[in-house]
Amino acid sequence: MAAKPLRPRFWETVPLRKMTPEEWEALCDGCGKCCLNKLEDEDTGEVAFTRIACRLLDGETCRCSQYAIRRQFVPECVQLNTETLPKIAYWLPRTCAYRLLHEGRKLYPWHPLITGDPNSVHEAGASVRGWTIPEFEVPEEEWEDYLIEETP
């Protein structure tokens, strides 16, 4: 069965909870930032990103190599949906379309939904392409040595 076509500029008019599954998935810009391991300060709740990527992230495509069955390999992988989004939006990258729309903000001009080009996120330097380190290469107690500044 063919996927439903996306409504024109749906992200500007359709609330997150009323999007079709295809529209919801299309919000992902393919940056790969959500697949970076993060450290959260227990006292302040501040989230710090690392260069350490989930073992399933393909560092060149910035996509999960096992997306459909990822939780079989990474049980702690977060299932992002309209119910979990309000609880974890702070944990998502500042450039994430899900977070932006949840916060009532607009997508960045480089977002593939705006440009029509899935590579625009990479061309804008807004993805993790080419600079991540697989988590199995660095012991967890050393992740603090790999903190990065998150930039839009």
# chains A, B, ... in the order shown; residues from 1 in each chain; ligands from 1

call {"tool": "residues_around", "arguments": {"residues": "Asp58 (chain A)", "least_positions_apart": "5", "cutoff": "10 Å", "atoms": "only C-alpha atoms", "output": "ChimeraX atom specification"}}
result
/A:32,35,53,63-66,128-130,132,134

call {"tool": "write_last_selection", "arguments": {"atoms": "N, CA and C atoms", "output": "mmCIF file, in the first residue's frame"}}
result
data_model
loop_
_atom_site.group_PDB
_atom_site.id
_atom_site.type_symbol
_atom_site.label_atom_id
_atom_site.label_comp_id
_atom_site.auth_asym_id
_atom_site.auth_seq_id
_atom_site.Cartn_x
_atom_site.Cartn_y
_atom_site.Cartn_z
ATOM 1 N N GLY A 32 20.609 13.232 13.027
ATOM 2 C CA GLY A 32 21.293 12.239 13.847
ATOM 3 C C GLY A 32 21.619 12.698 15.260
ATOM 4 N N CYS A 35 20.517 10.785 18.342
ATOM 5 C CA CYS A 35 21.202 9.511 18.581
ATOM 6 C C CYS A 35 22.559 9.684 19.256
ATOM 7 N N ALA A 53 28.076 8.335 19.655
ATOM 8 C CA ALA A 53 26.801 7.997 19.017
ATOM 9 C C ALA A 53 26.325 6.606 19.416
ATOM 10 N N ARG A 63 21.275 8.195 10.026
ATOM 11 C CA ARG A 63 20.024 7.470 10.268
ATOM 12 C C ARG A 63 20.327 6.209 11.065
ATOM 13 N N CYS A 64 19.310 5.739 11.755
ATOM 14 C CA CYS A 64 19.433 4.497 12.513
ATOM 15 C C CYS A 64 19.539 3.335 11.531
ATOM 16 N N SER A 65 20.533 2.490 11.733
ATOM 17 C CA SER A 65 20.732 1.365 10.820
ATOM 18 C C SER A 65 19.697 0.260 11.018
ATOM 19 N N GLN A 66 18.971 0.298 12.131
ATOM 20 C CA GLN A 66 17.960 -0.726 12.431
ATOM 21 C C GLN A 66 16.684 -0.078 12.966
ATOM 22 N N VAL A 128 25.235 15.375 12.223
ATOM 23 C CA VAL A 128 26.427 14.801 12.866
ATOM 24 C C VAL A 128 27.293 14.048 11.859
ATOM 25 N N ARG A 129 27.003 14.207 10.595
ATOM 26 C CA ARG A 129 27.731 13.463 9.559
ATOM 27 C C ARG A 129 29.244 13.639 9.693
ATOM 28 N N GLY A 130 29.912 12.497 9.821
ATOM 29 C CA GLY A 130 31.369 12.472 9.768
ATOM 30 C C GLY A 130 32.126 12.793 11.042
ATOM 31 N N THR A 132 31.078 11.645 14.513
ATOM 32 C CA THR A 132 30.698 10.893 15.710
ATOM 33 C C THR A 132 31.679 9.755 15.974
ATOM 34 N N PRO A 134 31.514 5.823 17.618
ATOM 35 C CA PRO A 134 30.583 4.787 18.081
ATOM 36 C C PRO A 134 30.758 4.511 19.583
#

call {"tool": "closest_atom_pairs", "arguments": {"of": "region 101-151 of chain A", "to": "region 4-16 of chain A", "cutoff": "9 Å", "atoms": "only C-alpha atoms", "output": "JSON lines"}}
result
{"residue": "A:Leu101", "atom": "CA", "partner": "A:Leu16", "partner_atom": "CA", "distance": 7.6}
{"residue": "A:His102", "atom": "CA", "partner": "A:Leu16", "partner_atom": "CA", "distance": 7.6}
{"residue": "A:Lys106", "atom": "CA", "partner": "A:Glu12", "partner_atom": "CA", "distance": 7.9}
{"residue": "A:Leu107", "atom": "CA", "partner": "A:Trp11", "partner_atom": "CA", "distance": 8.5}
{"residue": "A:Leu113", "atom": "CA", "partner": "A:Arg9", "partner_atom": "CA", "distance": 7.9}
{"residue": "A:Ile114", "atom": "CA", "partner": "A:Arg9", "partner_atom": "CA", "distance": 8.1}

call {"tool": "write_last_selection", "arguments": {"atoms": "N, CA and C atoms", "output": "mmCIF file, in the first residue's frame"}}
result
data_model
loop_
_atom_site.group_PDB
_atom_site.id
_atom_site.type_symbol
_atom_site.label_atom_id
_atom_site.label_comp_id
_atom_site.auth_asym_id
_atom_site.auth_seq_id
_atom_site.Cartn_x
_atom_site.Cartn_y
_atom_site.Cartn_z
ATOM 1 N N LEU A 101 8.414 22.554 17.009
ATOM 2 C CA LEU A 101 6.962 22.666 16.863
ATOM 3 C C LEU A 101 6.266 22.537 18.213
ATOM 4 N N HIS A 102 6.768 21.678 19.069
ATOM 5 C CA HIS A 102 6.215 21.540 20.423
ATOM 6 C C HIS A 102 6.312 22.874 21.169
ATOM 7 N N LYS A 106 9.291 27.849 14.585
ATOM 8 C CA LYS A 106 9.331 27.452 13.172
ATOM 9 C C LYS A 106 10.529 26.548 12.895
ATOM 10 N N LEU A 107 10.416 25.818 11.804
ATOM 11 C CA LEU A 107 11.532 24.985 11.357
ATOM 12 C C LEU A 107 12.648 25.877 10.810
ATOM 13 N N LEU A 113 11.990 19.479 4.715
ATOM 14 C CA LEU A 113 10.601 19.752 4.323
ATOM 15 C C LEU A 113 10.487 21.109 3.629
ATOM 16 N N ILE A 114 11.337 22.032 3.991
ATOM 17 C CA ILE A 114 11.303 23.371 3.391
ATOM 18 C C ILE A 114 12.095 23.405 2.087
#

call {"tool": "atom_distance", "arguments": {"atom1": "CA of Asp41 (chain A)", "atom2": "CA of Gln79 (chain A)"}}
result
21.9 Å

call {"tool": "atom_distance", "arguments": {"atom1": "CA of Cys31 (chain A)", "atom2": "CA of Glu60 (chain A)"}}
result
10.3 Å

call {"tool": "select_by_dssp", "arguments": {"residues": "chain A", "states": "strand (DSSP E or B)", "output": "list in words"}}
result
Leu36, Asn37, Lys38, Leu39, Glu40, Val47, Ala48, Phe49, Thr50, Arg51, Ile52, Ala53, Leu57, Asp58, Arg63, Cys64, Ile133, Pro134, Leu147 and Ile148 of chain A

call {"tool": "closest_residue", "arguments": {"among": "A:Ala126, A:Val47, A:Ile52, A:Leu147", "to": "Trp91 (chain A)", "atoms": "only C-alpha atoms"}}
result
A:Val47

call {"tool": "select_by_dssp", "arguments": {"residues": "chain A", "states": "helix (DSSP H, G or I)", "output": "number ranges by chain"}}
result
A: 10-13, 16-18, 21-26, 33-35, 67-73, 85-91, 97-102, 112-115, 120-123, 135-137, 140-146

call {"tool": "residues_around", "arguments": {"residues": "Leu39 (chain A)", "least_positions_apart": "4", "cutoff": "8 Å", "atoms": "only C-alpha atoms", "output": "ChimeraX atom specification"}}
result
/A:47-50,144

call {"tool": "write_last_selection", "arguments": {"atoms": "N, CA and C atoms", "output": "PDB file, in the first residue's frame"}}
result
ATOM      1  N   VAL A  47      21.272  19.147  30.115  1.00  0.00           N
ATOM      2  CA  VAL A  47      21.651  18.054  29.226  1.00  0.00           C
ATOM      3  C   VAL A  47      22.856  18.479  28.398  1.00  0.00           C
ATOM      4  N   ALA A  48      23.887  17.648  28.407  1.00  0.00           N
ATOM      5  CA  ALA A  48      25.087  17.918  27.619  1.00  0.00           C
ATOM      6  C   ALA A  48      25.234  16.825  26.562  1.00  0.00           C
ATOM      7  N   PHE A  49      25.455  17.224  25.333  1.00  0.00           N
ATOM      8  CA  PHE A  49      25.631  16.281  24.232  1.00  0.00           C
ATOM      9  C   PHE A  49      27.087  15.842  24.157  1.00  0.00           C
ATOM     10  N   THR A  50      27.299  14.613  23.715  1.00  0.00           N
ATOM     11  CA  THR A  50      28.650  14.109  23.473  1.00  0.00           C
ATOM     12  C   THR A  50      28.788  13.768  21.988  1.00  0.00           C
ATOM     13  N   GLU A 144      32.466  12.036  29.422  1.00  0.00           N
ATOM     14  CA  GLU A 144      32.620  13.468  29.737  1.00  0.00           C
ATOM     15  C   GLU A 144      33.741  14.105  28.939  1.00  0.00           C
TER      16      GLU A 144
END

call {"tool": "atom_distance", "arguments": {"atom1": "CA of His111 (chain A)", "atom2": "CA of Val78 (chain A)"}}
result
22.3 Å
